[in-house]
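Below you'll find the structure, written out as structure tokens, and then a few comments.
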Amino acid sequence: MRLSKRSTIIFVVFLFLRIQCNAAPVPKNQVHFINVGQAEAILLEFQHDAILIDAGGEFTCDDRDRGRLLGYLKKFFERRTDLVEDGKGKIHTIIISHPHLDHTMLLMDVMQKYRVANLVDGGNELGSGIVPLWAARYYAQTKAINYNTVKDEAITATGLVNAALQSVHDNNPDVTLKFLAGARNCGNANNDSLILWADINGVKFLFTGDDEALPDDHDPCVPEIPFILNRFRNTSVLDVDVYKVGHHGSFNGTSADLLQAMTPKVSVMSAGRFDQQEPGRFHAWQFGHPRDAAVQTIAANTTNTRTPVSVKTMTGPAQPHTRVMKKAVYCTCWDNDVVVEVLTGGTIAVH
């Protein structure tokens, strides 16, 4: 039986749609800043792998941020079915920047739900979030998950590439990762943050944990920001395109010197909403995050622009302030989840 021209066209369109429905997902180079309140969780998505930096949540006495993080990862693996094996999504490496609860609270939820190949941290033994980290280390041991620590003495003049990071590069030749700072046995765990540098198809990122700029009377360590500025002085290592703002936009979580060394096109903060005030005192409202003076400095040194938007900053604890943001400065506290995509040719799109 011969098909009419119209029937042939319909048949071809039907076959095309069937092929599209059954086609493998298109991998992307994206960095997902997941909204987990006054906490941090960042998913790095590559052509053949995924990495999670931190798995924190805000102390809200409910499962709000657990639902947010696990829900986000569920949708991610529903799209990236190529990263699913035996019904479990595969996370190549989890990096814990430092052992504070806003960076480790949901770590075991992720470890138990997904297939993790590598766990990397600074080997610390103290901090508000050390219990989930201890549990994750033990879990890694029982499940044959590779566990590695990053100590600062191992960092060279060009950074450190450990086995986990080298494996990512081997699988994704357009991705280069290295640590610029490791644990230094500081009294203030913020200044023990693992600092990760990434080159994703020509776009350079800096993930700074909760590094600080100002001295701490209770900590003999040199604050981490001047420490890395000194380590990489007279080099272009810190000249990056995308800056993950340190310490949730705190007054001491960044500095003009660091921003001038980076000249970022885009800056992204993970912080809680100004109107989350209870329970307890572990919220942006009580900390005064993101601090308006820091945001002003970040905006002045961030080169790209965004559609102007009215945002809330804090001039101090419990002191909200409204400003209009025109520069490419984003915050999970204003924008919810923030996705930075690296497009062909090394251009950046923010969703």
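Here, A, B, ... name the chains of the structure tokens in the order displayed, residue numbers run from 1 inside each chain, and ligands are numbered from 1 in the same displayed order.
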
Members of region 88-295 of chain A assigned helix (DSSP H, G or I) by DSSP, as a PyMOL selection string: chain A and resi 101-104+107-113+130-142+152-154+163-171+189-192+224-231+246-249+256-262+284-287+292-295

Contact residues around Cys331 (chain A) with only C-alpha atoms at 6 Å, ignoring same-chain residues under 6 positions, as a ChimeraX atom specification: /A:268-270

Would you write out those residues with N, CA, C and O atoms, as a short mmCIF file (atom, residue, chain, number, x, y, z; two decimals), in the first residue's frame?
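Dumped everything to result-v3.cif:
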```cif
data_model
loop_
_atom_site.label_atom_id
_atom_site.label_comp_id
_atom_site.auth_asym_id
_atom_site.auth_seq_id
_atom_site.Cartn_x
_atom_site.Cartn_y
_atom_site.Cartn_z
N VAL A 268 28.68 34.78 42.74
CA VAL A 268 27.50 34.08 43.27
C VAL A 268 27.70 33.81 44.75
O VAL A 268 28.75 33.32 45.17
N MET A 269 26.67 34.11 45.54
CA MET A 269 26.68 33.85 46.98
C MET A 269 25.63 32.80 47.33
O MET A 269 24.56 32.76 46.72
N SER A 270 25.93 31.99 48.33
CA SER A 270 24.94 31.10 48.94
C SER A 270 24.63 31.66 50.33
O SER A 270 25.52 31.75 51.18
#
```

Please give the complete set of residues from region 280-350 of chain A that DSSP, run on the backbone, assigns to strand (DSSP E or B), formatted as a PDB file with N, CA and C atoms, in the first residue's frame.
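Wrote it out as out.pdb, contents follow:
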```pdb
ATOM      1  N   ARG A 291      26.296  40.775  53.814  1.00  0.00           N
ATOM      2  CA  ARG A 291      26.533  42.108  54.360  1.00  0.00           C
ATOM      3  C   ARG A 291      26.588  43.141  53.238  1.00  0.00           C
ATOM      4  N   THR A 305      26.876  42.504  33.766  1.00  0.00           N
ATOM      5  CA  THR A 305      25.650  43.085  34.321  1.00  0.00           C
ATOM      6  C   THR A 305      24.525  42.059  34.270  1.00  0.00           C
ATOM      7  N   ARG A 306      23.442  42.367  34.956  1.00  0.00           N
ATOM      8  CA  ARG A 306      22.234  41.562  34.931  1.00  0.00           C
ATOM      9  C   ARG A 306      21.045  42.497  34.803  1.00  0.00           C
ATOM     10  N   THR A 307      19.883  41.954  34.524  1.00  0.00           N
ATOM     11  CA  THR A 307      18.668  42.751  34.550  1.00  0.00           C
ATOM     12  C   THR A 307      18.499  43.312  35.956  1.00  0.00           C
ATOM     13  N   PRO A 308      18.358  44.626  36.109  1.00  0.00           N
ATOM     14  CA  PRO A 308      18.282  45.216  37.461  1.00  0.00           C
ATOM     15  C   PRO A 308      17.174  44.567  38.289  1.00  0.00           C
ATOM     16  N   VAL A 309      17.483  44.311  39.547  1.00  0.00           N
ATOM     17  CA  VAL A 309      16.530  43.669  40.440  1.00  0.00           C
ATOM     18  C   VAL A 309      16.710  44.254  41.837  1.00  0.00           C
ATOM     19  N   SER A 310      15.604  44.435  42.542  1.00  0.00           N
ATOM     20  CA  SER A 310      15.643  44.911  43.916  1.00  0.00           C
ATOM     21  C   SER A 310      15.973  43.737  44.830  1.00  0.00           C
ATOM     22  N   VAL A 311      17.013  43.893  45.671  1.00  0.00           N
ATOM     23  CA  VAL A 311      17.461  42.797  46.518  1.00  0.00           C
ATOM     24  C   VAL A 311      17.559  43.271  47.963  1.00  0.00           C
ATOM     25  N   LYS A 312      17.611  42.291  48.885  1.00  0.00           N
ATOM     26  CA  LYS A 312      17.787  42.580  50.295  1.00  0.00           C
ATOM     27  C   LYS A 312      19.199  42.190  50.728  1.00  0.00           C
ATOM     28  N   THR A 313      19.894  43.140  51.328  1.00  0.00           N
ATOM     29  CA  THR A 313      21.166  42.867  51.973  1.00  0.00           C
ATOM     30  C   THR A 313      21.003  43.204  53.457  1.00  0.00           C
ATOM     31  N   MET A 314      22.088  43.086  54.224  1.00  0.00           N
ATOM     32  CA  MET A 314      22.033  43.385  55.652  1.00  0.00           C
ATOM     33  C   MET A 314      23.163  44.354  55.988  1.00  0.00           C
ATOM     34  N   THR A 315      22.840  45.460  56.625  1.00  0.00           N
ATOM     35  CA  THR A 315      23.882  46.386  57.058  1.00  0.00           C
ATOM     36  C   THR A 315      24.512  45.931  58.373  1.00  0.00           C
ATOM     37  N   GLY A 316      23.929  44.926  58.984  1.00  0.00           N
ATOM     38  CA  GLY A 316      24.422  44.324  60.219  1.00  0.00           C
ATOM     39  C   GLY A 316      23.427  43.281  60.662  1.00  0.00           C
ATOM     40  N   GLN A 319      19.479  43.880  60.516  1.00  0.00           N
ATOM     41  CA  GLN A 319      19.350  45.206  59.907  1.00  0.00           C
ATOM     42  C   GLN A 319      19.227  45.074  58.385  1.00  0.00           C
ATOM     43  N   PRO A 320      18.035  44.749  57.878  1.00  0.00           N
ATOM     44  CA  PRO A 320      17.866  44.581  56.430  1.00  0.00           C
ATOM     45  C   PRO A 320      17.956  45.910  55.683  1.00  0.00           C
ATOM     46  N   HIS A 321      18.395  45.803  54.435  1.00  0.00           N
ATOM     47  CA  HIS A 321      18.589  46.979  53.594  1.00  0.00           C
ATOM     48  C   HIS A 321      18.171  46.595  52.180  1.00  0.00           C
ATOM     49  N   THR A 322      17.565  47.522  51.463  1.00  0.00           N
ATOM     50  CA  THR A 322      17.159  47.269  50.074  1.00  0.00           C
ATOM     51  C   THR A 322      18.093  48.027  49.131  1.00  0.00           C
ATOM     52  N   ARG A 323      18.571  47.326  48.106  1.00  0.00           N
ATOM     53  CA  ARG A 323      19.354  47.991  47.071  1.00  0.00           C
ATOM     54  C   ARG A 323      18.986  47.398  45.711  1.00  0.00           C
ATOM     55  N   VAL A 324      19.271  48.122  44.655  1.00  0.00           N
ATOM     56  CA  VAL A 324      19.034  47.636  43.298  1.00  0.00           C
ATOM     57  C   VAL A 324      20.335  47.061  42.768  1.00  0.00           C
ATOM     58  N   MET A 325      20.283  45.786  42.343  1.00  0.00           N
ATOM     59  CA  MET A 325      21.472  45.128  41.826  1.00  0.00           C
ATOM     60  C   MET A 325      21.459  45.147  40.303  1.00  0.00           C
ATOM     61  N   LYS A 326      22.463  45.783  39.731  1.00  0.00           N
ATOM     62  CA  LYS A 326      22.603  45.868  38.284  1.00  0.00           C
ATOM     63  C   LYS A 326      23.769  45.027  37.765  1.00  0.00           C
ATOM     64  N   LYS A 327      24.722  44.742  38.633  1.00  0.00           N
ATOM     65  CA  LYS A 327      25.868  43.919  38.242  1.00  0.00           C
ATOM     66  C   LYS A 327      25.497  42.446  38.321  1.00  0.00           C
ATOM     67  N   VAL A 329      25.811  39.955  40.041  1.00  0.00           N
ATOM     68  CA  VAL A 329      25.991  39.392  41.380  1.00  0.00           C
ATOM     69  C   VAL A 329      24.690  38.678  41.747  1.00  0.00           C
ATOM     70  N   TYR A 330      24.794  37.403  42.064  1.00  0.00           N
ATOM     71  CA  TYR A 330      23.621  36.578  42.328  1.00  0.00           C
ATOM     72  C   TYR A 330      23.721  35.993  43.730  1.00  0.00           C
ATOM     73  N   CYS A 331      22.571  35.686  44.306  1.00  0.00           N
ATOM     74  CA  CYS A 331      22.537  35.064  45.633  1.00  0.00           C
ATOM     75  C   CYS A 331      21.355  34.108  45.690  1.00  0.00           C
ATOM     76  N   VAL A 338      20.718  29.047  41.489  1.00  0.00           N
ATOM     77  CA  VAL A 338      21.439  29.800  40.457  1.00  0.00           C
ATOM     78  C   VAL A 338      22.262  28.808  39.643  1.00  0.00           C
ATOM     79  N   VAL A 339      22.118  28.834  38.326  1.00  0.00           N
ATOM     80  CA  VAL A 339      22.861  27.933  37.447  1.00  0.00           C
ATOM     81  C   VAL A 339      23.735  28.768  36.517  1.00  0.00           C
ATOM     82  N   VAL A 340      25.028  28.509  36.551  1.00  0.00           N
ATOM     83  CA  VAL A 340      25.969  29.167  35.644  1.00  0.00           C
ATOM     84  C   VAL A 340      26.371  28.146  34.593  1.00  0.00           C
ATOM     85  N   GLU A 341      26.020  28.402  33.345  1.00  0.00           N
ATOM     86  CA  GLU A 341      26.290  27.476  32.253  1.00  0.00           C
ATOM     87  C   GLU A 341      27.431  27.985  31.390  1.00  0.00           C
ATOM     88  N   VAL A 342      28.346  27.086  31.070  1.00  0.00           N
ATOM     89  CA  VAL A 342      29.451  27.401  30.164  1.00  0.00           C
ATOM     90  C   VAL A 342      29.045  26.958  28.771  1.00  0.00           C
ATOM     91  N   ILE A 348      29.371  32.677  29.066  1.00  0.00           N
ATOM     92  CA  ILE A 348      28.662  32.316  30.284  1.00  0.00           C
ATOM     93  C   ILE A 348      27.208  32.737  30.188  1.00  0.00           C
ATOM     94  N   ALA A 349      26.311  31.847  30.605  1.00  0.00           N
ATOM     95  CA  ALA A 349      24.891  32.176  30.752  1.00  0.00           C
ATOM     96  C   ALA A 349      24.486  31.844  32.170  1.00  0.00           C
ATOM     97  N   VAL A 350      23.699  32.717  32.786  1.00  0.00           N
ATOM     98  CA  VAL A 350      23.236  32.495  34.153  1.00  0.00           C
ATOM     99  C   VAL A 350      21.726  32.324  34.129  1.00  0.00           C
TER     100      VAL A 350
END
```

Nearest candidate to Gly246 (chain A) (options A:Ser97, A:Thr104, A:Asn201, A:Asn146; using only C-alpha atoms): A:Ser97

Shell of 9 Å around Lys204 (chain A), only C-alpha atoms, local chain residues under 3 positions omitted, as a PyMOL selection string: chain A and resi 197-201+239-243

Contacts of Ile228 (chain A) within 10 Å, only C-alpha atoms, excl. fewer than 6 positions in-chain, as a ChimeraX atom specification: /A:180-181,195,211,222,238,258

Store the residues of this selection in a file with all heavy atoms, as a tab-separated table (two decimals), in the first residue's frame.
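Produced file part_9.tsv, reproduced below:
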```tsv
chain	number	residue	atom	x	y	z
A	180	LEU	N	43.73	25.03	45.54
A	180	LEU	CA	44.67	26.13	45.78
A	180	LEU	C	45.01	26.28	47.25
A	180	LEU	O	45.96	26.98	47.60
A	180	LEU	CB	44.10	27.45	45.26
A	180	LEU	CG	43.76	27.51	43.76
A	180	LEU	CD1	43.40	28.94	43.38
A	180	LEU	CD2	44.88	26.98	42.90
A	181	ALA	N	44.22	25.67	48.14
A	181	ALA	CA	44.51	25.70	49.57
A	181	ALA	C	43.87	24.49	50.22
A	181	ALA	O	42.82	24.01	49.78
A	181	ALA	CB	43.98	26.99	50.21
A	195	ILE	N	40.03	25.27	48.99
A	195	ILE	CA	39.71	26.21	47.91
A	195	ILE	C	39.96	25.49	46.59
A	195	ILE	O	41.06	25.02	46.32
A	195	ILE	CB	40.55	27.49	48.01
A	195	ILE	CG1	40.18	28.24	49.30
A	195	ILE	CG2	40.33	28.38	46.79
A	195	ILE	CD1	40.94	29.53	49.51
A	211	ASP	N	36.28	30.98	53.42
A	211	ASP	CA	37.53	31.67	53.72
A	211	ASP	C	37.28	33.10	54.20
A	211	ASP	O	36.29	33.73	53.84
A	211	ASP	CB	38.46	31.67	52.51
A	211	ASP	CG	37.90	32.40	51.29
A	211	ASP	OD1	36.72	32.81	51.31
A	211	ASP	OD2	38.65	32.56	50.31
A	222	VAL	N	47.13	32.77	59.68
A	222	VAL	CA	46.90	33.90	58.79
A	222	VAL	C	45.56	33.67	58.12
A	222	VAL	O	45.28	32.56	57.64
A	222	VAL	CB	48.02	33.99	57.73
A	222	VAL	CG1	47.70	35.09	56.72
A	222	VAL	CG2	49.36	34.23	58.38
A	238	LEU	N	44.69	33.45	40.21
A	238	LEU	CA	43.44	33.90	40.83
A	238	LEU	C	42.57	34.72	39.87
A	238	LEU	O	41.47	35.13	40.25
A	238	LEU	CB	43.73	34.71	42.09
A	238	LEU	CG	44.41	33.94	43.22
A	238	LEU	CD1	44.73	34.87	44.39
A	238	LEU	CD2	43.57	32.77	43.69
A	258	LEU	N	41.30	40.74	46.90
A	258	LEU	CA	40.99	39.47	46.22
A	258	LEU	C	40.17	39.73	44.96
A	258	LEU	O	40.44	39.15	43.90
A	258	LEU	CB	40.23	38.54	47.17
A	258	LEU	CG	39.79	37.20	46.57
A	258	LEU	CD1	40.99	36.37	46.14
A	258	LEU	CD2	38.94	36.41	47.57
```
